[in-house]
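Undergrad: What follows is upload35.cif; its format and atoms are mmCIF, C-alpha atoms (C1' of nucleotides).
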```cif
data_coords
loop_
_atom_site.label_atom_id
_atom_site.label_comp_id
_atom_site.auth_asym_id
_atom_site.auth_seq_id
_atom_site.Cartn_x
_atom_site.Cartn_y
_atom_site.Cartn_z
CA MET V 700 13.77 -5.49 -32.57
CA GLU V 701 16.84 -7.60 -32.00
CA PHE V 702 17.91 -9.75 -29.11
CA GLU V 703 21.48 -10.79 -28.67
CA ILE V 704 22.73 -13.20 -26.04
CA LEU V 705 26.09 -11.98 -24.81
CA LYS V 706 26.75 -14.76 -22.39
CA GLU V 707 25.15 -17.91 -21.06
CA ASP V 708 25.88 -18.88 -17.49
CA ALA V 709 27.61 -22.22 -17.18
CA LYS V 710 26.13 -23.12 -13.80
CA SER V 711 22.52 -21.99 -14.25
CA GLY V 712 19.98 -21.13 -16.90
CA ALA V 713 20.84 -17.43 -16.65
CA ARG V 714 21.72 -15.35 -19.70
CA ARG V 715 23.24 -11.95 -20.16
CA GLY V 716 21.60 -10.27 -23.11
CA ARG V 717 21.02 -7.12 -25.09
CA LEU V 718 17.71 -6.05 -26.55
CA THR V 719 17.76 -3.43 -29.28
CA THR V 720 14.50 -1.55 -29.68
CA ALA V 721 13.47 1.38 -31.83
CA HIS V 722 14.06 3.67 -28.86
CA GLY V 723 17.29 2.30 -27.53
CA VAL V 724 19.26 -0.61 -26.20
CA VAL V 725 18.20 -2.59 -23.15
CA GLU V 726 20.74 -4.56 -21.17
CA THR V 727 19.26 -7.72 -19.73
CA PRO V 728 18.39 -9.06 -17.24
CA VAL V 729 16.33 -5.93 -16.72
CA PHE V 730 13.76 -4.60 -14.30
CA MET V 731 11.25 -2.31 -15.99
CA ASP V 732 9.45 0.52 -14.22
CA VAL V 733 5.70 0.57 -14.25
CA GLY V 734 4.32 3.83 -15.60
CA THR V 735 0.67 2.95 -15.97
CA LEU V 736 -0.77 6.30 -16.93
CA GLY V 737 2.15 7.61 -18.90
CA THR V 738 4.21 8.43 -15.82
CA VAL V 739 6.23 6.44 -13.35
CA LYS V 740 4.41 7.78 -10.34
CA ALA V 741 6.32 10.51 -8.50
CA LEU V 742 9.16 10.56 -11.04
CA GLU V 743 10.07 12.71 -14.02
CA PRO V 744 11.67 11.37 -17.20
CA ARG V 745 14.92 13.08 -16.18
CA ASP V 746 14.78 11.20 -12.87
CA LEU V 747 14.41 7.93 -14.75
CA LYS V 748 17.45 8.81 -16.83
CA GLU V 749 19.48 9.60 -13.72
CA LEU V 750 18.27 6.40 -12.05
CA LYS V 751 19.39 4.46 -15.13
CA SER V 752 15.97 3.00 -15.72
CA GLN V 753 15.91 1.30 -19.10
CA VAL V 754 12.26 0.65 -19.94
CA VAL V 755 8.96 2.20 -18.92
CA LEU V 756 5.68 0.31 -18.98
CA GLY V 757 2.45 1.83 -20.16
CA ASN V 758 -1.01 0.36 -19.72
CA THR V 759 -3.42 -0.11 -22.58
CA TYR V 760 -6.33 -0.44 -20.18
CA HIS V 761 -5.64 2.75 -18.24
CA LEU V 762 -4.68 4.87 -21.22
CA LEU V 763 -7.74 3.71 -23.12
CA LEU V 764 -9.95 4.92 -20.27
CA ARG V 765 -7.96 8.11 -19.78
CA PRO V 766 -7.00 10.12 -21.74
CA GLY V 767 -8.21 7.88 -24.57
CA PRO V 768 -6.65 7.08 -27.95
CA GLU V 769 -7.54 10.42 -29.54
CA VAL V 770 -5.40 12.38 -27.08
CA ILE V 771 -2.43 10.03 -27.34
CA SER V 772 -2.72 10.05 -31.11
CA ALA V 773 -2.85 13.84 -31.22
CA ALA V 774 0.39 13.94 -29.24
CA GLY V 775 2.03 11.63 -31.75
CA GLY V 776 2.25 8.62 -29.46
CA LEU V 777 3.14 8.00 -25.85
CA HIS V 778 6.87 8.72 -26.18
CA LYS V 779 6.17 12.29 -27.25
CA PHE V 780 3.17 12.66 -24.94
CA MET V 781 5.15 11.81 -21.80
CA ARG V 782 8.55 12.96 -23.10
CA TRP V 783 10.26 9.65 -22.49
CA GLU V 784 12.75 8.88 -25.23
CA GLY V 785 13.62 5.37 -24.08
CA PRO V 786 11.87 2.08 -24.77
CA ILE V 787 8.24 1.61 -23.77
CA LEU V 788 6.49 -1.71 -23.23
CA THR V 789 2.72 -1.80 -23.09
CA ASP V 790 0.62 -4.31 -21.28
CA SER V 791 -2.36 -5.41 -23.31
CA GLY V 792 -5.07 -4.89 -20.72
CA GLY V 793 -5.74 -8.59 -20.29
CA PHE V 794 -4.54 -8.54 -16.71
CA GLN V 795 -6.27 -5.26 -15.90
CA VAL V 796 -9.73 -6.40 -16.93
CA PHE V 797 -9.02 -9.40 -14.71
CA SER V 798 -7.85 -7.39 -11.71
CA LEU V 799 -9.53 -3.99 -11.99
CA ALA V 800 -12.81 -4.06 -13.89
CA LYS V 801 -15.71 -4.86 -11.58
CA MET V 802 -18.35 -5.79 -14.09
CA ARG V 803 -16.88 -7.81 -16.90
CA LYS V 804 -18.00 -10.41 -19.36
CA PHE V 805 -15.59 -12.52 -21.34
CA SER V 806 -16.55 -13.88 -24.74
CA GLU V 807 -14.70 -15.31 -27.68
CA GLU V 808 -14.44 -11.80 -29.05
CA GLY V 809 -12.84 -10.32 -25.95
CA CYS V 810 -13.98 -8.68 -22.75
CA ARG V 811 -16.79 -6.26 -22.19
CA PHE V 812 -16.24 -4.38 -18.95
CA ASN V 813 -17.18 -1.32 -17.02
CA SER V 814 -14.54 1.24 -16.20
CA HIS V 815 -13.35 1.13 -12.61
CA LEU V 816 -13.41 4.91 -12.70
CA ASP V 817 -16.98 5.77 -13.62
CA GLY V 818 -18.67 2.59 -14.81
CA HIS V 819 -18.56 3.58 -18.47
CA GLU V 820 -18.70 0.50 -20.69
CA PHE V 821 -15.69 -0.52 -22.79
CA PHE V 822 -14.76 -3.44 -24.95
CA LEU V 823 -11.28 -4.87 -25.26
CA GLY V 824 -10.31 -7.81 -27.43
CA PRO V 825 -7.13 -8.73 -29.29
CA GLU V 826 -7.81 -6.30 -32.15
CA GLU V 827 -8.88 -3.44 -29.89
CA SER V 828 -5.89 -3.93 -27.62
CA MET V 829 -3.43 -4.05 -30.50
CA GLU V 830 -5.00 -0.97 -32.06
CA MET V 831 -4.58 0.97 -28.81
CA GLN V 832 -1.00 -0.24 -28.47
CA ARG V 833 -0.39 0.83 -32.07
CA VAL V 834 -1.66 4.31 -31.24
CA ILE V 835 0.50 4.38 -28.10
CA GLY V 836 3.44 3.40 -30.27
CA SER V 837 5.14 1.22 -27.69
CA ASP V 838 8.33 -0.58 -28.64
CA ILE V 839 7.00 -3.83 -27.25
CA ALA V 840 3.32 -4.73 -27.36
CA MET V 841 1.84 -7.63 -25.42
CA VAL V 842 -0.86 -9.92 -26.79
CA PHE V 843 -4.29 -9.70 -25.22
CA ASP V 844 -4.54 -12.70 -22.93
CA GLU V 845 -6.76 -14.13 -20.24
CA CYS V 846 -5.16 -14.24 -16.82
CA LEU V 847 -6.18 -17.22 -14.74
CA PRO V 848 -6.89 -16.77 -11.07
CA TYR V 849 -5.31 -18.95 -8.39
CA PRO V 850 -6.59 -21.46 -7.62
CA CYS V 851 -8.16 -22.59 -10.87
CA ASP V 852 -9.36 -26.01 -11.84
CA ARG V 853 -7.79 -27.87 -14.70
CA GLU V 854 -10.81 -27.87 -16.99
CA ARG V 855 -11.09 -24.13 -16.85
CA ALA V 856 -7.35 -23.70 -17.35
CA VAL V 857 -7.44 -25.80 -20.53
CA ALA V 858 -10.34 -23.85 -22.02
CA SER V 859 -8.82 -20.51 -21.05
CA VAL V 860 -5.44 -21.31 -22.56
CA GLU V 861 -7.06 -22.40 -25.84
CA ARG V 862 -8.79 -19.04 -25.99
CA THR V 863 -5.61 -17.19 -25.08
CA LEU V 864 -3.91 -18.99 -27.98
CA ARG V 865 -6.68 -18.03 -30.42
CA TRP V 866 -6.38 -14.47 -29.18
CA ALA V 867 -2.61 -14.62 -29.68
CA VAL V 868 -3.13 -15.50 -33.34
CA ARG V 869 -5.51 -12.56 -33.74
CA SER V 870 -3.15 -10.22 -31.87
CA LYS V 871 -0.32 -11.12 -34.18
CA ALA V 872 -2.46 -10.68 -37.27
CA ALA V 873 -3.74 -7.27 -36.17
CA PRO V 874 -1.97 -4.18 -37.52
CA HIS V 875 0.71 -2.77 -35.29
CA ALA V 876 3.22 0.04 -35.43
CA GLU V 877 6.13 -0.37 -37.83
CA HIS V 878 8.78 -0.44 -35.11
CA GLN V 879 6.70 -2.46 -32.68
CA ALA V 880 7.69 -5.90 -31.39
CA VAL V 881 4.98 -8.23 -30.14
CA PHE V 882 5.33 -10.67 -27.25
CA GLY V 883 3.19 -13.73 -26.63
CA ILE V 884 2.12 -14.70 -23.11
CA VAL V 885 2.30 -18.21 -21.68
CA GLN V 886 -0.60 -19.06 -19.41
CA GLY V 887 -1.67 -22.37 -17.87
CA GLY V 888 -1.84 -21.75 -14.16
CA VAL V 889 0.00 -24.33 -12.10
CA TYR V 890 -0.40 -27.11 -14.68
CA ASP V 891 2.96 -27.93 -16.20
CA ASP V 892 1.62 -29.70 -19.28
CA ILE V 893 -0.76 -26.85 -20.08
CA ARG V 894 2.08 -24.36 -19.73
CA ARG V 895 4.18 -26.46 -22.06
CA HIS V 896 1.39 -26.75 -24.59
CA CYS V 897 0.77 -23.01 -24.46
CA ALA V 898 4.47 -22.23 -24.91
CA GLU V 899 4.83 -24.60 -27.85
CA GLU V 900 1.76 -23.25 -29.62
CA LEU V 901 2.90 -19.66 -29.12
CA VAL V 902 6.28 -20.50 -30.60
CA LYS V 903 4.51 -21.94 -33.66
CA ILE V 904 2.71 -18.64 -34.10
CA GLY V 905 6.05 -16.90 -33.70
CA PHE V 906 6.67 -13.84 -31.54
CA ASP V 907 9.51 -11.43 -30.91
CA GLY V 908 9.60 -12.45 -27.27
CA TYR V 909 7.69 -14.52 -24.76
CA ALA V 910 6.19 -13.65 -21.42
CA ILE V 911 5.18 -15.91 -18.58
CA GLY V 912 1.92 -14.62 -17.22
CA GLY V 913 -0.49 -15.64 -14.53
CA VAL V 914 2.12 -15.63 -11.76
CA SER V 915 2.08 -13.51 -8.61
CA VAL V 916 -1.70 -13.77 -8.46
CA GLY V 917 -1.69 -15.13 -4.93
CA GLU V 918 -0.12 -18.55 -5.43
CA PRO V 919 2.66 -19.88 -3.16
CA GLU V 920 6.13 -18.87 -4.24
CA GLN V 921 7.23 -22.33 -5.36
CA PHE V 922 4.38 -22.42 -7.90
CA MET V 923 5.79 -19.25 -9.39
CA TYR V 924 9.14 -20.95 -10.05
CA GLN V 925 7.34 -24.06 -11.18
CA ALA V 926 5.44 -22.03 -13.79
CA VAL V 927 8.74 -20.63 -15.05
CA GLU V 928 10.36 -24.06 -15.14
CA ALA V 929 7.38 -25.48 -17.00
CA SER V 930 7.54 -22.78 -19.68
CA VAL V 931 11.15 -21.74 -20.32
CA PRO V 932 12.42 -25.05 -21.81
CA TYR V 933 9.88 -24.78 -24.64
CA LEU V 934 10.68 -21.18 -25.55
CA PRO V 935 13.34 -20.33 -28.16
CA LYS V 936 16.72 -19.53 -26.69
CA ASP V 937 17.27 -16.55 -28.94
CA LYS V 938 14.18 -14.64 -27.85
CA PRO V 939 13.74 -12.61 -24.66
CA ARG V 940 11.71 -14.08 -21.79
CA TYR V 941 9.69 -11.91 -19.53
CA VAL V 942 8.00 -12.83 -16.24
CA MET V 943 5.16 -10.41 -15.76
CA GLY V 944 4.49 -8.76 -12.45
CA LEU V 945 7.58 -9.75 -10.53
CA GLY V 946 9.76 -7.28 -8.70
CA VAL V 947 10.86 -8.85 -5.44
CA MET V 948 14.65 -9.15 -5.48
CA HIS V 949 15.10 -12.79 -4.52
CA GLN V 950 12.26 -13.83 -6.84
CA MET V 951 13.90 -12.06 -9.77
CA ALA V 952 17.25 -13.66 -8.98
CA GLU V 953 15.61 -17.10 -8.88
CA CYS V 954 13.86 -16.49 -12.18
CA VAL V 955 17.01 -15.23 -13.89
CA ALA V 956 18.69 -18.44 -12.77
CA ARG V 957 15.90 -20.23 -14.61
CA GLY V 958 16.45 -18.31 -17.82
CA VAL V 959 14.31 -15.17 -17.52
CA ASP V 960 15.48 -11.83 -18.92
CA MET V 961 12.83 -9.24 -18.08
CA PHE V 962 10.64 -8.20 -15.16
CA ASP V 963 8.24 -5.48 -14.17
CA CYS V 964 6.45 -4.73 -10.94
CA VAL V 965 4.59 -2.06 -9.03
CA ILE V 966 6.22 -3.05 -5.77
CA PRO V 967 9.18 -0.66 -5.61
CA THR V 968 7.14 2.40 -6.46
CA ARG V 969 4.01 1.44 -4.56
CA ILE V 970 5.68 0.51 -1.30
CA ALA V 971 7.76 3.67 -1.57
CA ARG V 972 4.56 5.69 -1.53
CA HIS V 973 3.42 3.71 1.48
CA GLY V 974 6.63 4.43 3.36
CA THR V 975 8.77 1.34 2.80
CA ALA V 976 12.35 1.47 1.53
CA ILE V 977 13.92 -1.50 -0.22
CA THR V 978 17.47 -2.20 0.87
CA ARG V 979 19.88 -4.91 -0.20
CA THR V 980 19.17 -6.76 3.01
CA GLY V 981 15.41 -6.33 3.12
CA ASN V 982 12.62 -3.85 3.56
CA LEU V 983 12.78 -0.94 5.95
CA ALA V 984 9.65 0.77 7.29
CA ILE V 985 10.87 4.33 7.48
CA LYS V 986 7.89 5.41 9.60
CA ALA V 987 9.15 3.49 12.63
CA ALA V 988 9.86 5.57 15.72
CA LYS V 989 13.40 4.28 15.94
CA TYR V 990 14.31 6.38 12.91
CA ALA V 991 12.91 9.65 14.24
CA PHE V 992 16.37 10.94 15.22
CA ASP V 993 18.40 8.77 12.84
CA GLN V 994 20.89 10.96 11.01
CA SER V 995 22.08 8.21 8.66
CA PRO V 996 20.79 7.82 5.09
CA VAL V 997 17.88 5.53 4.28
CA GLU V 998 20.38 2.91 3.11
CA PRO V 999 23.97 3.53 4.16
CA GLY V 1000 26.31 3.18 1.21
CA CYS V 1001 23.59 3.78 -1.37
CA GLU V 1002 24.48 6.30 -4.06
CA CYS V 1003 20.99 7.44 -4.99
CA TYR V 1004 19.96 11.09 -4.75
CA CYS V 1005 17.86 10.38 -1.66
CA CYS V 1006 20.64 8.63 0.25
CA ARG V 1007 23.36 11.07 -0.83
CA ASN V 1008 21.42 14.05 0.50
CA PHE V 1009 18.85 13.21 3.17
CA THR V 1010 18.57 11.47 6.54
CA ARG V 1011 16.19 8.79 7.72
CA SER V 1012 14.96 11.33 10.24
CA TYR V 1013 13.97 13.76 7.50
CA VAL V 1014 12.46 11.18 5.13
CA ARG V 1015 10.49 9.74 8.03
CA HIS V 1016 9.18 13.19 8.83
CA LEU V 1017 8.10 13.75 5.23
CA ILE V 1018 6.35 10.39 5.00
CA ALA V 1019 4.65 10.90 8.36
CA CYS V 1020 3.29 14.21 7.12
CA GLY V 1021 2.21 12.81 3.76
CA GLU V 1022 4.49 15.22 1.97
CA ILE V 1023 4.95 14.66 -1.76
CA LEU V 1024 8.72 14.93 -1.46
CA GLY V 1025 8.73 11.92 0.85
CA LEU V 1026 7.01 9.77 -1.79
CA ARG V 1027 9.41 11.06 -4.39
CA LEU V 1028 12.57 10.42 -2.40
CA LEU V 1029 11.58 6.89 -1.45
CA THR V 1030 10.51 6.15 -5.02
CA ILE V 1031 13.88 7.43 -6.24
CA HIS V 1032 15.62 5.20 -3.74
CA ASN V 1033 13.60 2.06 -4.48
CA VAL V 1034 13.90 2.38 -8.25
CA TRP V 1035 17.64 2.98 -7.90
CA ARG V 1036 17.95 0.00 -5.56
CA LEU V 1037 16.31 -2.41 -8.02
CA ASN V 1038 18.23 -0.99 -10.98
CA GLU V 1039 21.44 -1.44 -9.00
CA PHE V 1040 20.39 -4.97 -8.09
CA MET V 1041 19.95 -5.82 -11.75
CA ARG V 1042 23.18 -4.05 -12.72
CA GLU V 1043 25.10 -6.12 -10.16
CA MET V 1044 23.41 -9.21 -11.52
CA ARG V 1045 24.50 -8.39 -15.08
CA GLU V 1046 28.00 -7.66 -13.85
CA ALA V 1047 28.12 -11.04 -12.12
CA LEU V 1048 27.00 -12.69 -15.35
CA ASP V 1049 29.68 -10.80 -17.28
CA ASN V 1050 32.23 -12.05 -14.77
CA ASP V 1051 30.98 -15.64 -14.71
CA CYS V 1052 30.08 -15.53 -11.04
CA PHE V 1053 26.28 -15.26 -11.12
CA VAL V 1054 25.62 -18.30 -8.95
CA GLU V 1055 28.08 -17.14 -6.31
CA TRP V 1056 26.71 -13.60 -6.43
CA LYS V 1057 23.15 -14.88 -6.05
CA ALA V 1058 24.02 -17.06 -3.08
CA SER V 1059 25.81 -14.21 -1.37
CA VAL V 1060 23.03 -11.69 -1.97
CA LEU V 1061 20.27 -14.05 -0.87
CA SER V 1062 22.11 -15.05 2.30
CA SER V 1063 22.45 -11.44 3.38
CA MET V 1064 18.71 -10.81 3.05
CA GLN V 1065 16.36 -10.86 5.99
CA PRO V 1066 14.23 -14.02 5.77
CA GLN V 1067 10.97 -13.00 4.09
CA ASN V 1068 11.88 -9.34 4.51
CA LYS V 1069 9.58 -9.06 7.41
CA GLY V 1070 9.61 -6.13 9.74
CA GLU V 1071 13.09 -6.43 11.17
CA THR V 1072 15.56 -3.62 11.26
CA ASN V 1073 18.22 -3.39 8.63
CA ASP V 1074 20.63 -0.93 10.15
"C1'" G L 747 -16.12 37.69 46.19
"C1'" C L 748 -20.95 35.87 43.87
"C1'" G L 749 -23.70 33.19 39.84
"C1'" G L 750 -23.56 29.76 35.66
"C1'" G L 751 -20.98 25.96 32.73
"C1'" A L 752 -17.22 22.26 31.93
"C1'" G L 753 -13.42 18.46 33.58
"C1'" U L 754 -13.80 11.02 30.22
"C1'" A L 755 -7.46 7.67 25.89
"C1'" G L 756 -1.85 11.84 23.46
"C1'" A L 757 -6.01 15.27 20.84
"C1'" U L 758 -11.38 16.30 19.78
"C1'" C L 759 -15.67 14.26 21.63
"C1'" A L 760 -19.68 10.00 22.77
"C1'" A L 761 -21.93 7.02 26.56
"C1'" U L 762 -30.71 6.47 27.12
"C1'" U L 763 -34.57 8.81 33.66
"C1'" G L 764 -28.19 5.43 37.49
"C1'" G L 765 -27.62 -0.71 34.59
"C1'" U L 766 -23.07 -5.82 30.66
"C1'" U L 767 -16.14 -5.40 30.12
"C1'" A L 768 -16.63 3.38 29.28
"C1'" G L 769 -16.87 3.82 22.82
"C1'" A L 770 -15.76 6.62 18.09
"C1'" U L 771 -12.58 9.56 15.08
"C1'" C L 772 -7.70 11.45 14.55
"C1'" A L 773 -2.71 10.63 16.36
"C1'" A L 774 0.86 6.74 17.81
"C1'" C L 775 2.69 1.84 16.87
"C1'" A L 776 2.91 -2.87 13.93
"C1'" G L 777 1.85 -5.56 9.51
"C1'" A L 778 0.15 -5.87 4.25
"C1'" U L 779 0.95 -4.44 -1.03
"C1'" U L 780 3.80 -8.63 -7.10
"C1'" G L 781 1.29 -7.48 -15.92
"C1'" U L 782 -0.07 0.27 -10.27
"C1'" G L 783 -3.67 2.18 -5.38
"C1'" A L 784 0.17 8.46 -3.24
"C1'" U L 785 -3.05 10.59 0.33
"C1'" U L 786 -5.09 2.50 0.72
"C1'" C L 787 -6.22 -1.82 3.63
"C1'" U L 788 -5.68 -4.88 8.20
"C1'" G L 789 -4.38 -5.12 13.12
"C1'" U L 790 -2.47 -3.42 18.14
"C1'" G L 791 -1.71 -0.53 22.34
"C1'" G L 792 -3.71 3.25 25.09
"C1'" G L 793 -8.49 5.10 30.80
"C1'" U L 794 -7.92 5.07 39.12
"C1'" U L 795 -13.96 9.08 33.96
"C1'" G L 796 -9.62 15.94 37.86
"C1'" C L 797 -9.09 14.48 43.30
"C1'" G L 798 -11.46 12.82 48.13
"C1'" G L 799 -15.73 11.14 50.49
"C1'" G L 800 -21.06 9.70 50.46
"C1'" U L 801 -25.96 7.46 48.67
"C1'" U L 802 -27.12 2.77 46.07
"C1'" C L 803 -27.50 -4.19 44.68
"C1'" G L 804 -24.97 -1.04 41.03
"C1'" A L 805 -22.08 5.77 39.92
"C1'" G L 806 -18.79 8.67 34.04
"C1'" U L 807 -24.06 9.81 35.45
"C1'" C L 808 -26.97 11.53 41.85
"C1'" C L 809 -25.19 14.24 46.70
"C1'" C L 810 -21.14 16.83 49.68
"C1'" G L 811 -16.27 18.77 49.79
"C1'" U L 812 -12.04 20.21 47.05
"C1'" C L 813 -8.84 21.59 42.72
"C1'" U L 814 -8.45 23.46 37.68
"C1'" C L 815 -10.35 25.88 33.35
"C1'" C L 816 -14.18 28.81 30.68
"C1'" U L 817 -17.96 32.54 31.10
"C1'" G L 818 -21.01 36.45 33.28
"C1'" C L 819 -21.75 40.06 37.34
"C1'" C L 820 -19.86 43.23 41.38
#
```
Before anything else, please render the file you have as structure tokens.

TA:
Amino acid sequence: MEFEILKEDAKSGARRGRLTTAHGVVETPVFMDVGTLGTVKALEPRDLKELKSQVVLGNTYHLLLRPGPEVISAAGGLHKFMRWEGPILTDSGGFQVFSLAKMRKFSEEGCRFNSHLDGHEFFLGPEESMEMQRVIGSDIAMVFDECLPYPCDRERAVASVERTLRWAVRSKAAPHAEHQAVFGIVQGGVYDDIRRHCAEELVKIGFDGYAIGGVSVGEPEQFMYQAVEASVPYLPKDKPRYVMGLGVMHQMAECVARGVDMFDCVIPTRIARHGTAITRTGNLAIKAAKYAFDQSPVEPGCECYCCRNFTRSYVRHLIACGEILGLRLLTIHNVWRLNEFMREMREALDNDCFVEWKASVLSSMQPQNKGETND
RNA sequence: GCGGGAGUAGAUCAAUUGGUUAGAUCAACAGAUUGUGAUUCUGUGGGUUGCGGGUUCGAGUCCCGUCUCCUGCC
């Protein structure tokens, strides 16, 4: 895997880059679609192509539970299994055992947990996670890490980060697929010096890219930026940086300004299924009565399949009835919206006007995106 | 025409021999969602208990009248 920096912004920490993986080129900054179980929910691979999505995420945790490594292996890897020819990034399962598994026990070896599906017992450690990611055949594998909750006291954060670092060494040493890049993950909670230490130690181990983890776990927004600011300066310039779990537009713009290249998030697809459309000015709850007779598209001016062909009135009807097409159309719109957002961001970087673009976009957004109309 | 039954929130129904401010579920409406949760979570509004009178300290509940619907008989 190669990462090339095409341009560095003069007025911020932002970079315009290009990541070359075994399954294609990724223009950064990029938003990556979450496809936990080998599918971006409600979308087909051909939709993703049309929506200009660049990378799909797969989940080690979920795919380990179902369908299991044997099935993925028999298919010849996840690309062939799900018929997605583009790049795939896999999460290691570290976050999932933290957020999903009910019964879990961490040890130096890894984490013993019970499946959230049926209680069946599993074990995931650095070696197990890397082996599963090898079978999946993702283009980018993530190290198995421990995600700290918020809040978290300093003593625990120190101990956890030391373990995460030992696990990072083991993850790197474990066999992985020939074409597979491996990213380390910076942890450390809200403690700047621990973040720095973690970043520096990861760089010594040496990875193809670096993620900032443990954000968007319930902490106030400024801590999120603080975690980025405490990590980025200690990461190599020539490697991609990835903030895990972020997908809110203004948050991504702020992180790019601080030197981040990659993001992923469930938000666009999840809120679509719950009836919320993302627009450039904020969120729009399509279920609201005021849209019952509205003959305009979900987002006027949008060029996605949903907005080119259907009305708010119709989409509202579908969502109100729980129709599958409603979930699909809103998912199409939201994924397109975020991809467009990132494309505009890259264009602004190409044209040396990122800071101006960011200011203009942020000022046109509803404060906190809460509830107001956007028509 | 006669007998029996039923009328309670937008819908379907609760509410102890008469006893706190008439509840639930769906629907409606409003929020939430950050390394995935479609059919999820949280909250809000909504009632002259068909109508009118009476008994009672107190009536959705008992009595009288009346209206509407269901059902049976002639």

Undergrad: Please enumerate the residues selected by the PyMOL selection byres ((chain L) within 9 of (chain V)) when evaluated against the supplied file, formatted as a PyMOL selection string.

TA: chain L and resi 775-777+779-786

Undergrad: Which residue is closest to L:C816? Choose from L:G800, L:G747, L:G765, L:G753 and count only C-alpha atoms (C1' of nucleotides).

TA: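 For L:C816, the nearest of the candidates is L:G753.
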
Undergrad: For stretch 775-778 of chain V, find every residue with an atom within 10 Å (counting only C-alpha atoms (C1' of nucleotides)), except residues of its own chain fewer than 3 positions away, and show them as a list in words.

TA: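 These residues fall inside the cut-off: His722, Leu736, Gly737, Val755, Gly757, Leu762, Pro768, Glu769, Val770, Ile771, Ser772, Met781, Arg782, Trp783, Glu784, Gly785, Pro786, Ile787, Gln832, Arg833, Val834, Ile835, Gly836, Ser837 and Asp838 of chain V.
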
Undergrad: How far is it from atom CA of V:Ala713 to atom CA of V:Ala952, in Å with one decimal?

TA: 9.3 Å

Undergrad: Run through the PyMOL selection byres ((chain V and resi 851-855) around 9) on the given coordinates and return the selected residues as a list in words.

TA: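 On this input, the PyMOL selection byres ((chain V and resi 851-855) around 9) captures Leu847, Pro848, Tyr849, Pro850, Ala856, Val857, Ala858, Ser859, Val860, Gly887, Gly888, Val889, Tyr890 and Ile893 of chain V.
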
Undergrad: Write out as a ChimeraX atom specification each polymer residue whose atoms come within 8 Å of stretch 705-708 of chain V, counting all atoms listed in the file; drop sequence neighbours fewer than 2 positions from it.

TA: /V:703,710-717,1048-1049,1051,1053

Undergrad: Assuming the chain letters and numbering stay as they are in my file, what does the PyMOL selection byres ((chain V and resi 1003) around 9) actually select? List them as an MDAnalysis selection string.

TA: chainID V and resid 750 1001:1002 1004:1008 1031:1032 1035:1036

Undergrad: Neighbouring residues of L:C797 were defined as those with any atom within 12 Å, considering only C-alpha atoms (C1' of nucleotides); residues of the same chain fewer than 6 positions away were excluded. Please report them as number ranges by chain.

TA: L: 753, 811-814

Undergrad: Give as a list of chain:residue names every residue, naming chains and numbers as the document does, that has an atom within 8 Å of (-4.5, 11.9, 18.4), counting only C-alpha atoms (C1' of nucleotides).

TA: L:G756, L:A757, L:C772, L:A773, L:A774

Undergrad: In Å, how far is it from atom CA of V:Asp891 to atom CA of V:Ala926?

TA: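 Answer for the atom CA of V:Asp891 to atom CA of V:Ala926 separation: 6.8 Å.
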
Undergrad: What's the 9 Å shell around stretch 799-815 of chain V, counting all atoms listed in the file, without same-chain residues fewer than 3 positions away, as number ranges by chain?

TA: V: 764, 793-796, 818-827, 843, 862, 865-866

Undergrad: Between atom CA of V:Ala1058 and atom CA of V:Glu749, what distance in Å does the model show, to one decimal?

TA: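 Atom CA of V:Glu749 lies 29.1 Å from atom CA of V:Ala1058.
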
Undergrad: For V:Leu1037, find every residue with an atom within 10 Å (counting only C-alpha atoms (C1' of nucleotides)), except residues of its own chain fewer than 6 positions away, and show them as a list in words.

TA: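 Selected residues are Val729, Phe730, Met731, Asp732, Leu750, Ser752, Gly946, Val947, Met948, Pro967, Ile977, Thr978, Arg979 and Glu1043 of chain V.
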
Undergrad: Given the point (1.6, -10.6, -33.5) in the coordinates of this file, which residues lie within 9 Å, counting all atoms listed in the file, and how would they look as a list in words?

TA: Met829, Ala840, Met841, Val842, Ala867, Val868, Arg869, Ser870, Lys871, Ala872, Ala873, Pro874, His875, Ala880, Val881, Phe882, Gly883, Ile904, Gly905, Phe906 and Asp907 of chain V
